[in-house]
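Notes follow once the structure below has been shown.
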There are 2 protein chains.
Amino acid sequence: MPSIAATAELALLLEVASAPTPGNVDRERDLPDLRFEQFLAGATGAREGFELAAEGERVGRALERAVVGMADVAGENTQFGSVLLLSPLVRAAADGDLTPGGATAVAKETTVADAVDFYRAFDHAEVRVSDPPDGMDDLDVRRGSEAIPAVEERGLTLFEILAKGSDRDGIAREWIGGFERTFRAAELLANARGSLSDRAAAVHLRLLAAEPDSLVETVHGPVVAEEVSDRAAALVGNGDPEAVREFAVELIDREINPGTTADILAGGLFVALHREVVSI
Amino acid sequence: MPSIAATAELALLLEVASAPTPGNVDRERDLPDLRFEQFLAGATGAREGFELAAEGERVGRALERAVVGMADVAGENTQFGSVLLLSPLVRAAADGDLTPGGATAVAKETTVADAVDFYRAFDHAEVRVSDPPDGMDDLDVRRGSEAIPAVEERGLTLFEILAKGSDRDGIAREWIGGFERTFRAAELLANARGSLSDRAAAVHLRLLAAEPDSLVETVHGPVVAEEVSDRAAALVGNGDPEAVREFAVELIDREINPGTTADILAGGLFVALHREVVSI
């Protein structure tokens, strides 16, 4: 059996290798400013953080280490959202309870110290996020460690911080909402046909069709995010791989990058691999 | 700084991701019986063995662990030769002396116990090798652990075992001959142009042009191996990527797989990354 951390790293690698995943870097396509090999490097760099989570280290510290390792080796923010999603899942797997309940328990047990780690992680990676809600400018994650005094003063845990962002960010929503889409993605992967990378590409399209991508919404607004989801929905099950590839080219030309959907896919790959309901 | 083991794993990943590497699995092409994602999986599985080597564990044991991990996760022998080449290099890097002399010292320090580990590794992976020299049938690596009594009786170290195979196997030749092509590949990578994966593809072609691939020789004989090298030589520097791609398609159609050349490239990538003469 591979280690839990190795499986988490492999989930990152399989996510980026699966193609086509329209708008995202994949085996077939780079983005102008992000190349495939940077994602490979980012995955190798994140593993040490996953190892900490698997050893029972607190989730925030594991997450921070994974982000620092990722950014250090990749030279860019390649997989911040995936790492944020995978950290509690890895810890839940190490606790022997990789279920919505087990992962939610890990999420709810986070403390202010985890929130502080989380803010520090933003010092190492440029992450595209929405503006914070009214009255919460002091908690803007883009301030990185400068926001730590405000976090400590308000006594907010990582779970509470993410709860505040859950209406705007799809990964925060997973943390708060029982990791519903992640576990659903694992089921879809198990039930899909073909090689694991074919399954992953099919599930990416279905996830994108089912819900507007929160990163697309942040960068391009809700109308574009809805349009992209509707277009994906029209392609699901139409069985024309060329049409999906044309969609991929169009999204990259328009600089539309459904990164949250890719992150959820990485989470689903981890769950499916760890449960051994899919194989390489 | 990423860990030495992480860098070794990344070298495996970058090798398989670089394209085109004619005849080998790469970002653009699978083989009929070996898919790209199996190499990603194999790399994640090998890392634990590299970690042992980096911690000073004996090279044989680290190698065996890397092979077992690779085969366990990939479900196939994806990178046996690369792992055999990287194990002493990782150990030399951990000793602070990743040079031809440092790596050769590690190779020469191997014992009978390392040879025993090496034979055990063959129980976990199907490796295509030549028949053993006359009078050495009892040492045929394809016998795996069944050959261990003969190894012990003859009191052969891993270095001595590889010395006996060095006229037939390009990786054994590296171990015995100061890792010459590996360090040369690192230099070529540093001096090439373009992204690291472009450099890696260019160096793969140059390595193939410079010396017939020993795996091709084992499987198809010396005439085909010479022909493939001559064809590669004609393409080096001709600057036509389409011609290289046509060559890649032809080799895969003919089931010609220059795996030793890919292994040397992986070794060169490790040296170049560790020395920081290339970057992602």
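Ordered as shown in the structure tokens, chains take letters A, B, and onward, while each chain numbers its residues from 1 and ligands are numbered from 1 in the order shown.
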
Alpha helix (DSSP H) positions in range 23-267 of chain B, given as a PyMOL selection string = chain B and resi 36-54+59-74+80-94+100-108+112-121+148-154+158-165+170-176+180-191+196-210+214-220+222-235+241-253+259-267

Using only C-alpha atoms, determine which residues lie at most 10 Å from range 222-231 of chain B, disregarding the query and same-chain residues fewer than 6 positions distant; provide the list as a PyMOL selection string.
-> chain B and resi 22-23+205-216+244+247+251+256+258

Could I get the residues of chain B with an atom no further than 9 Å from an atom of chain A, each paired with its nearest atom pair and that distance in Å to one decimal, using only C-alpha atoms, sorted by chain and residue number, as a Markdown table?
```
| residue | atom | partner | partner_atom | distance |
| --- | --- | --- | --- | --- |
| B:Met1 | CA | A:Asp72 | CA | 7.1 |
| B:Pro2 | CA | A:Val73 | CA | 6.6 |
| B:Ser3 | CA | A:Gly45 | CA | 8.6 |
| B:Ala6 | CA | A:Thr44 | CA | 5.9 |
| B:Thr7 | CA | A:Thr44 | CA | 8.0 |
| B:Glu9 | CA | A:Thr44 | CA | 7.3 |
| B:Leu10 | CA | A:Ala41 | CA | 6.3 |
| B:Leu13 | CA | A:Leu40 | CA | 6.9 |
| B:Leu14 | CA | A:Glu37 | CA | 6.8 |
| B:Ala17 | CA | A:Glu37 | CA | 7.3 |
| B:Ser18 | CA | A:Glu37 | CA | 8.7 |
| B:Arg27 | CA | A:Arg27 | CA | 6.2 |
| B:Glu28 | CA | A:Glu28 | CA | 7.5 |
| B:Phe36 | CA | A:Ala17 | CA | 8.4 |
| B:Glu37 | CA | A:Leu14 | CA | 6.8 |
| B:Gln38 | CA | A:Ile280 | CA | 6.4 |
| B:Leu40 | CA | A:Leu13 | CA | 6.9 |
| B:Ala41 | CA | A:Leu10 | CA | 6.3 |
| B:Thr44 | CA | A:Ala6 | CA | 5.9 |
| B:Gly45 | CA | A:Pro2 | CA | 6.6 |
| B:Arg47 | CA | A:Ala6 | CA | 8.5 |
| B:Glu48 | CA | A:Ala6 | CA | 9.0 |
| B:Gly69 | CA | A:Pro2 | CA | 7.0 |
| B:Asp72 | CA | A:Met1 | CA | 7.1 |
| B:Val73 | CA | A:Pro2 | CA | 6.6 |
| B:Ala74 | CA | A:Ile280 | CA | 6.7 |
| B:Gly75 | CA | A:Ile280 | CA | 7.6 |
| B:Leu196 | CA | A:Glu37 | CA | 8.5 |
| B:Ser197 | CA | A:Glu37 | CA | 7.5 |
| B:Ile280 | CA | A:Gln38 | CA | 6.4 |
```

Export of the given selection (N, CA, C and O atoms) as a CSV table (one decimal), in the first residue's frame:
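That gives us selection_2.csv:
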```
chain,number,residue,atom,x,y,z
B,1,MET,N,14.6,24.9,-0.2
B,1,MET,CA,15.2,23.8,-0.9
B,1,MET,C,14.4,22.6,-0.8
B,1,MET,O,14.1,22.1,0.3
B,2,PRO,N,14.0,22.0,-1.9
B,2,PRO,CA,13.3,20.7,-1.8
B,2,PRO,C,14.2,19.6,-1.3
B,2,PRO,O,15.4,19.8,-1.4
B,3,SER,N,13.7,18.6,-0.7
B,3,SER,CA,14.5,17.5,-0.3
B,3,SER,C,15.2,16.8,-1.5
B,3,SER,O,14.7,16.9,-2.6
B,6,ALA,N,12.8,14.4,-3.0
B,6,ALA,CA,11.8,15.1,-3.8
B,6,ALA,C,12.4,15.4,-5.2
B,6,ALA,O,11.7,15.3,-6.2
B,7,THR,N,13.6,15.8,-5.2
B,7,THR,CA,14.3,16.2,-6.5
B,7,THR,C,14.4,15.0,-7.3
B,7,THR,O,14.3,15.0,-8.6
B,9,GLU,N,12.5,12.3,-7.3
B,9,GLU,CA,11.2,12.0,-7.9
B,9,GLU,C,10.8,13.0,-9.0
B,9,GLU,O,10.3,12.5,-10.0
B,10,LEU,N,11.1,14.2,-8.8
B,10,LEU,CA,10.8,15.2,-9.8
B,10,LEU,C,11.6,14.9,-11.1
B,10,LEU,O,11.1,15.1,-12.2
B,13,LEU,N,9.6,12.4,-13.0
B,13,LEU,CA,8.4,13.0,-13.6
B,13,LEU,C,8.8,13.9,-14.8
B,13,LEU,O,8.1,13.8,-15.8
B,14,LEU,N,9.8,14.7,-14.7
B,14,LEU,CA,10.2,15.5,-15.8
B,14,LEU,C,10.7,14.7,-17.0
B,14,LEU,O,10.4,15.1,-18.2
B,17,ALA,N,7.6,13.5,-18.7
B,17,ALA,CA,6.7,14.6,-19.2
B,17,ALA,C,7.3,15.2,-20.4
B,17,ALA,O,6.6,15.9,-21.2
B,18,SER,N,8.7,15.1,-20.6
B,18,SER,CA,9.3,15.8,-21.7
B,18,SER,C,9.0,15.1,-23.0
B,18,SER,O,8.9,13.9,-23.1
B,27,ARG,N,4.8,13.0,-22.6
B,27,ARG,CA,3.5,13.8,-22.5
B,27,ARG,C,2.6,13.6,-23.7
B,27,ARG,O,1.4,13.7,-23.5
B,28,GLU,N,3.2,13.3,-24.8
B,28,GLU,CA,2.4,13.2,-26.1
B,28,GLU,C,1.9,11.8,-26.4
B,28,GLU,O,1.0,11.7,-27.2
B,36,PHE,N,1.1,6.9,-19.6
B,36,PHE,CA,1.8,8.0,-19.0
B,36,PHE,C,1.5,8.0,-17.5
B,36,PHE,O,2.4,8.2,-16.6
B,37,GLU,N,0.2,7.9,-17.1
B,37,GLU,CA,-0.1,8.0,-15.7
B,37,GLU,C,0.5,6.9,-14.8
B,37,GLU,O,0.7,7.1,-13.6
B,38,GLN,N,0.9,5.7,-15.4
B,38,GLN,CA,1.6,4.7,-14.7
B,38,GLN,C,3.0,5.2,-14.3
B,38,GLN,O,3.5,4.8,-13.2
B,40,LEU,N,3.7,8.4,-13.7
B,40,LEU,CA,3.5,9.3,-12.6
B,40,LEU,C,3.4,8.6,-11.3
B,40,LEU,O,4.0,8.9,-10.3
B,41,ALA,N,2.6,7.5,-11.4
B,41,ALA,CA,2.4,6.7,-10.2
B,41,ALA,C,3.7,6.1,-9.7
B,41,ALA,O,4.0,6.0,-8.5
B,44,THR,N,5.9,8.5,-7.8
B,44,THR,CA,5.5,8.7,-6.4
B,44,THR,C,5.8,7.5,-5.5
B,44,THR,O,6.1,7.7,-4.3
B,45,GLY,N,5.7,6.3,-6.1
B,45,GLY,CA,6.0,5.1,-5.3
B,45,GLY,C,7.5,4.9,-5.0
B,45,GLY,O,7.9,4.3,-4.0
B,47,ARG,N,9.6,7.2,-4.4
B,47,ARG,CA,10.2,8.3,-3.5
B,47,ARG,C,10.6,7.8,-2.1
B,47,ARG,O,11.7,8.2,-1.6
B,48,GLU,N,9.9,6.8,-1.6
B,48,GLU,CA,10.3,6.3,-0.2
B,48,GLU,C,11.6,5.7,-0.3
B,48,GLU,O,12.4,5.8,0.7
B,69,GLY,N,8.1,0.0,-4.2
B,69,GLY,CA,7.1,1.1,-4.2
B,69,GLY,C,6.6,1.5,-5.6
B,69,GLY,O,5.4,1.7,-5.8
B,72,ASP,N,4.4,-1.3,-7.0
B,72,ASP,CA,3.2,-1.4,-6.2
B,72,ASP,C,2.2,-0.4,-6.7
B,72,ASP,O,1.0,-0.7,-6.9
B,73,VAL,N,2.6,0.9,-6.9
B,73,VAL,CA,1.7,1.9,-7.3
B,73,VAL,C,1.4,1.9,-8.8
B,73,VAL,O,0.3,2.1,-9.2
B,74,ALA,N,2.5,1.7,-9.6
B,74,ALA,CA,2.3,1.8,-11.0
B,74,ALA,C,1.7,0.5,-11.6
B,74,ALA,O,1.1,0.5,-12.7
B,75,GLY,N,1.8,-0.6,-10.9
B,75,GLY,CA,1.3,-1.9,-11.4
B,75,GLY,C,2.1,-2.5,-12.5
B,75,GLY,O,1.8,-3.5,-13.1
B,196,LEU,N,12.7,23.7,-19.5
B,196,LEU,CA,13.4,22.5,-19.0
B,196,LEU,C,12.9,21.3,-19.8
B,196,LEU,O,13.7,20.4,-20.2
B,197,SER,N,11.6,21.3,-20.1
B,197,SER,CA,11.1,20.1,-20.8
B,197,SER,C,11.6,20.1,-22.3
B,197,SER,O,11.8,19.0,-22.9
B,280,ILE,N,12.9,24.9,-13.1
B,280,ILE,CA,11.6,24.6,-13.7
B,280,ILE,C,11.0,25.8,-14.4
B,280,ILE,O,11.0,26.9,-14.0
```

Non-local contacts of Asp134 in chain A (12 Å; only C-alpha atoms; under 5 positions in same chain excluded) as a PyMOL selection string = chain A and resi 139-140+164-165

Pull N, CA, C and O atoms from the residues just selected and write them as a PDB file, in the first residue's frame.
```
ATOM      1  N   LEU A 139      -9.371  40.992   7.649  1.00  0.00           N
ATOM      2  CA  LEU A 139      -9.175  39.540   7.532  1.00  0.00           C
ATOM      3  C   LEU A 139      -8.889  39.105   6.091  1.00  0.00           C
ATOM      4  O   LEU A 139      -8.841  37.917   5.791  1.00  0.00           O
ATOM      5  N   ASP A 140      -8.719  40.063   5.195  1.00  0.00           N
ATOM      6  CA  ASP A 140      -8.453  39.726   3.785  1.00  0.00           C
ATOM      7  C   ASP A 140      -7.238  38.788   3.708  1.00  0.00           C
ATOM      8  O   ASP A 140      -6.143  39.158   4.129  1.00  0.00           O
ATOM      9  N   LYS A 164     -16.690  32.044   6.749  1.00  0.00           N
ATOM     10  CA  LYS A 164     -16.981  33.405   6.289  1.00  0.00           C
ATOM     11  C   LYS A 164     -16.788  33.556   4.784  1.00  0.00           C
ATOM     12  O   LYS A 164     -17.365  34.440   4.154  1.00  0.00           O
ATOM     13  N   GLY A 165     -15.945  32.699   4.201  1.00  0.00           N
ATOM     14  CA  GLY A 165     -15.684  32.805   2.763  1.00  0.00           C
ATOM     15  C   GLY A 165     -16.488  31.823   1.932  1.00  0.00           C
ATOM     16  O   GLY A 165     -16.345  31.779   0.699  1.00  0.00           O
TER      17      GLY A 165
END
```

Shell around Tyr119 in chain A at 7 Å using only C-alpha atoms, local window under 2 positions removed, as number ranges by chain = A: 115-117, 121-122, 141, 144-145, 148

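The closest residue to Ile252 in chain A, picked from A:Asp33, A:Glu152, A:Asp123, A:Glu15 and counting only C-alpha atoms, is A:Asp33.
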
Among listed residues B:Ala192, B:Val249, B:Ala62, B:Val129, nearest Ser166 in chain B (using only C-alpha atoms) |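 Closest residue, counting only C-alpha atoms: B:Val129.
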
Quick one: residues within 9 Å of Ser130 in chain A, only C-alpha atoms counted, chain neighbours fewer than 3 positions away excluded, as a list in words?
->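 Using only C-alpha atoms, the neighbours found are Pro133, Gly165, Arg168, Asp169, Leu215, Glu217, Thr218 and Val219 of chain A.
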
Could those selected residues go to a file with C-alpha atoms, as a PDB file, in the first residue's frame?
```pdb
ATOM      1  CA  PRO A 133     -17.252  40.685   2.998  1.00  0.00           C
ATOM      2  CA  GLY A 165     -15.684  32.805   2.763  1.00  0.00           C
ATOM      3  CA  ARG A 168     -17.626  33.030  -2.479  1.00  0.00           C
ATOM      4  CA  ASP A 169     -15.163  30.174  -2.593  1.00  0.00           C
ATOM      5  CA  LEU A 215     -12.496  30.931  -9.464  1.00  0.00           C
ATOM      6  CA  GLU A 217     -16.729  33.767 -10.855  1.00  0.00           C
ATOM      7  CA  THR A 218     -14.041  35.630  -8.903  1.00  0.00           C
ATOM      8  CA  VAL A 219     -12.049  36.576 -11.991  1.00  0.00           C
TER       9      VAL A 219
END
```

Can you tell me, as an MDAnalysis selection string, what residues are no more than 9 Å from His124 in chain B when counting only C-alpha atoms, ignoring any on the same chain fewer than 3 positions away?
-> chainID B and resid 64 67:68 71:72 76:77 120:121 144

For range 84-94 of chain A, list every protein, DNA or RNA residue within 8 Å, evaluated using only C-alpha atoms, and leave out those in the same chain fewer than 3 positions away; present the list as a PyMOL selection string.
-> chain A and resi 4-5+8+50+53-56+59+62-63+80-81+97-99+102-103+106-107+171+174-175+263-264+266-267+270-271+274

Go ahead and compute the interatomic distance for CA of Val112 in chain A and CA of Gly177 in chain A, in Å to one decimal.
->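 Interatomic distance, CA of Val112 in chain A to CA of Gly177 in chain A: 20.0 Å.
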